Amino acid sequence: METLFGDLEEIKDGDSAFFADVILPVPIPKMFTYKIPRNLKEEIGIGFRVIVQFGKKKILTGIIAKVHQKPPTSYEAKPILDVLEAHASVNPIQIRFWAWMAEYYCCHIGEVMNAALPSGLKLSSESKIQLNPTFDADTSPYPLDDREELLLQALRQKEEMSYEDCEVVLGIKSIHGIIKSLVIKEAILVFEEVKEKYNPKVETRIRLNSEISRDKKALEAVFNEVSSKPKQEEILLKYLQEVPVYRNPELNQKGLEKKVLIDAGMSVSSLKNLIKNGVLEEYKIIVSRFEDEQSLEEGVVLSEGQQQAQQEIKAAFEEKNTVLLHGITGSGKTEVYITLIQEALAGGSQVLLLLPEIALTTHIVGRLRQVFGGKMGVYHSKYSDNERVEVWNGVLSGKFSFVVGVRSSIFLPFDSLGLVIVDEEHEISFKQFDPAPRFHARDAAIMLSWLHQAKTLLGTATPSFETFYNARMKKYGYVTLEKRYGDAQLPEYHLADMLVDKKKNLLKLDFTRLMREKIQDALNNQEQVLIFQNRRGYAPYISCEDCGWIPECEHCDVSLTYHQFGEEMRCHYCGFKEKVPHSCPACGSSKLSAVGLGTERIEESLGLLFPEARIARMDLDTTRSKYGYQRILEDFGSGNVDILVGTQMITKGLDFEKVTVVGIMDADRILYFPDFRAGERAFQQLTQVAGRAGRREKRGVVIIQTRRPEQQIFQQIMAGDYKNFYIQEMGERQRFFYPPFVKLLKITTRHKDFKTAEKAAKHLHNLMGDIQVKKILLGPEKGLIGKIKNQYIFESIAKLDRTGNAQSQFKHELLLILEELQAHKEFRGIRFIVDVDPY
């Protein structure tokens, strides 16, 4: 078989043929078997990345999962085209982990691979053309037009051209017709050039000729030679200033980055002449994208309470694989983590620290870098493809034995993992909602630890009910930290009744009098303020005061959110946006007003109320860039910002010594949400954001604005009474069959036609009812948001018994039902989505 890789020598029928099961990044429920060519037989093993042909045209990156001698029975195995590496990028434990994730979360192993492998380790293929070596224009029966002749003339100058190159040569946008014509005339060949997306960072460096660097007289002769050429002399003097070769000759081998000379204003032509004359040498090296920082401190000093917690954790690890560290906000859990990480690394194990948000990753990295230096890698989605590949390869090579990352870091190629720490384990950010696999990083991390025979530490001030339930049932170890670190005290809470202030005309721009007074006190004392509102944008929506018209998304059943910056309305589900109208499209009235509160509007109101304050906002809109989080947090940490307004990003783990006031704008919005976890989430979010106040000597103040101050949950939050709140909520969960007493599955049906989606959802629901396991089925109901991206949505909920094999049997039969339904012509366009542990 001839390919762009040349002739592949296949194993003949008489030989002992070998085959490989290959995982491909496609949503198909099986692996594919390929034949191993003889010339690649010694180069292939489990976990190696290979190039294979999939279908007639596609070329994909695959991962070898198994090598065997059993050919497929239903199709003829195609040969593997090439191996991409000398060493495996994926290890057997990872493949086992992928297989578990695919089975548990009801998806395909190819979808897991697609999520797990950084884009930079996958291949991109690009169509290119070249001259057909057998083509002769003089003898060809097909005449060429002017454009075709021009393209062939360009190909005679270059061996190959991309489609984009052809468009430039011909000066037209679409060249497919011309390409097709030349292929028919057998004048050109079209092929797929396969290239790796990962590009190492290459640095151009300059060094002194090695003979000159060892001989002072030779250098003196060079200086005499260039004495009449001041620009060349200046370059040599600059080099010797930066690289003192006679004090340390070895430095010349490392040389100097060429950019240093250019940035210093040195003459580029003079530099070229020095290189041409052999005085300087230019060379290229591959360098890391991450600075190889040294640790600046040996460790941390633990308080008595922290030392006790550390000892209790280690004792609990003797009996349990997973331990919950229940430490109040500001108790110093990070210091306990650091000592445990140091011990694990000293024992030769790898460590993974999972954090819920990139914002928190940015903030804590600097603290950990001081202790662990270059041994620590950081992994999150704001990094470029190339940076993520470098971290991946750094874990493979042993450069990074400790990684801090968000949920995707559980896919890194650890081979000797000893400890996994999940900080703020209750956070919803650990849940992947779309696309598949729809996993929860905390639960997946526990399974990853089990595969590595490692230990897992779950840390939080407000445990998720599932985790706390497992701790109370003795499945997990349980350790508490009940005192704040140092002299810090828990904050002082105040409930501000918005309705009372409104009746007394004391409510200004949605801020109660108490909130305004406390903010002003903090500003007078040169202290900082955090304002929390879990809604970005200027306002939830715009409404016409005369007819009540509200702008809605064209593709989703939601109102458009008003963003003052850019004067536009946006859908936060599909990205649709449009300009704000000058008048109501329904009645023509010009009385359009913003309704509700967003972070952008709060920022504007604070500017009017406190014109002397420096105000910043931290939400998805202000942190889209790679270093958006870092810049805002650095400004706040250095005291350049007085008031920081933010969404849930500011509730997690941030530690600033000058923050003494935390304001919660609308606590009712969090509490009154149609979700069985609304109370749990409200307790967690309000406690966490309150915990950012007064983390040093001065006691912090927390103001909760509400229209229902009599709600019992506010008293429990203010008292820090998590256990009684948990007992009260769990009584209702048990009564109405909700987690952790049952296992939840949500099955979503989507289609562009309402009736088709409804019919498919009902048919699926009836078939699920026939599965013989202990269960409760709810639905199908129209989704809370009935249409997203022009797709109508219906949802069914399955509550499964946690005992026995009810879960695995239901999932297995459900996947068979879905496969059967999608084989029907009527339901072929339906999209079925299974979400395990959906909320």
# chains A, B, ... in the order shown; residues from 1 in each chain; ligands from 1
>>> residues_around(residues="Phe827 in chain A", least_positions_apart="6", cutoff="8 Å", atoms="only C-alpha atoms", output="ChimeraX atom specification")
/A:756,760,821
>>> write_last_selection(atoms="C-alpha atoms", output="CSV table (one decimal), in the first residue's frame")
chain,number,residue,atom,x,y,z
A,756,THR,CA,-40.2,15.2,17.0
A,760,ALA,CA,-38.7,10.8,20.9
A,821,LEU,CA,-33.6,4.4,18.7
>>> residues_around(residues="Lys229 in chain A", least_positions_apart="4", cutoff="12 Å", atoms="only C-alpha atoms", output="PyMOL selection string")
chain A and resi 222-225+233-236+267+269-271+273-274
>>> closest_residue(among="A:Leu131, A:Ile446, A:Leu170, A:Ile650", to="Lys320 in chain A", atoms="only C-alpha atoms")
A:Ile446
>>> select_by_dssp(residues="range 356-404 of chain A", states="strand (DSSP E or B)", output="NGL selection string")
:A and (376-379 or 402-404)
>>> write_last_selection(atoms="N, CA, C and O atoms", output="CSV table (one decimal), in the first residue's frame")
chain,number,residue,atom,x,y,z
A,376,MET,N,7.2,22.1,40.1
A,376,MET,CA,5.7,22.2,40.0
A,376,MET,C,5.3,22.7,38.6
A,376,MET,O,5.8,23.6,38.1
A,377,GLY,N,4.3,22.0,38.1
A,377,GLY,CA,3.7,22.4,36.8
A,377,GLY,C,2.3,22.9,37.0
A,377,GLY,O,1.6,22.5,38.0
A,378,VAL,N,1.8,23.7,36.1
A,378,VAL,CA,0.5,24.3,36.2
A,378,VAL,C,-0.3,24.0,34.9
A,378,VAL,O,0.3,24.1,33.9
A,379,TYR,N,-1.5,23.5,35.1
A,379,TYR,CA,-2.3,23.0,33.9
A,379,TYR,C,-3.7,23.5,33.9
A,379,TYR,O,-4.5,23.2,34.8
A,402,PHE,N,4.9,17.4,40.7
A,402,PHE,CA,3.8,18.0,41.4
A,402,PHE,C,3.1,19.0,40.4
A,402,PHE,O,3.7,19.8,39.8
A,403,VAL,N,1.7,18.8,40.2
A,403,VAL,CA,1.0,19.6,39.3
A,403,VAL,C,-0.2,20.2,40.0
A,403,VAL,O,-0.9,19.6,40.8
A,404,VAL,N,-0.4,21.5,39.7
A,404,VAL,CA,-1.6,22.2,40.2
A,404,VAL,C,-2.4,22.5,39.0
A,404,VAL,O,-1.9,23.0,38.0
>>> atom_distance(atom1="CA of Gly607 in chain A", atom2="CA of Phe656 in chain A")
22.1 Å
>>> closest_residue(among="A:Asp655, A:Asp263, A:Asp497, A:Glu318", to="Ser331 in chain A", atoms="only C-alpha atoms")
A:Asp655
>>> closest_residue(among="A:Ile36, A:Ile785, A:Met447, A:Ile46", to="Asn321 in chain A", atoms="only C-alpha atoms")
A:Met447
>>> atom_distance(atom1="CA of Ala496 in chain A", atom2="CA of Leu514 in chain A")
6.7 Å
>>> atom_distance(atom1="CA of Lys502 in chain A", atom2="CA of Ile703 in chain A")
16.6 Å
>>> select_by_dssp(residues="range 511-701 of chain A", states="alpha helix (DSSP H)", output="VMD selection string")
chain A and resid 513 to 524 599 to 609 628 to 637 667 to 671 678 to 690
>>> residues_around(residues="range 303-309 of chain A", least_positions_apart="5", cutoff="8 Å", atoms="only C-alpha atoms", output="ChimeraX atom specification")
/A:332-333,335-336,479-481,483,485-486
>>> residues_around(residues="Ala445 in chain A", least_positions_apart="3", cutoff="12 Å", atoms="only C-alpha atoms", output="ChimeraX atom specification")
/A:97,100-101,321-322,351-355,406-412,417,419-423,425,430-431,439-442,448-458
>>> closest_residue(among="A:Ile358, A:Leu523, A:Ile542, A:Val558", to="Leu633 in chain A", atoms="only C-alpha atoms")
A:Ile358
>>> residues_around(residues="range 586-592 of chain A", least_positions_apart="6", cutoff="6 Å", atoms="only C-alpha atoms", output="list in words")
Ser543, Cys544 and Glu545 of chain A
>>> write_last_selection(atoms="N, CA, C and O atoms", output="compact mmCIF listing (two decimals), in the first residue's frame")
# COMPACT_ATOMS: atom_id res chain seq x y z
N SER A 543 -36.64 45.93 29.65
CA SER A 543 -38.10 45.80 29.52
C SER A 543 -38.69 47.15 29.10
O SER A 543 -38.18 48.22 29.48
N CYS A 544 -39.78 47.10 28.34
CA CYS A 544 -40.53 48.31 27.96
C CYS A 544 -41.49 48.64 29.10
O CYS A 544 -42.30 47.79 29.51
N GLU A 545 -41.43 49.86 29.60
CA GLU A 545 -42.27 50.24 30.74
C GLU A 545 -43.75 50.36 30.35
O GLU A 545 -44.63 50.25 31.20
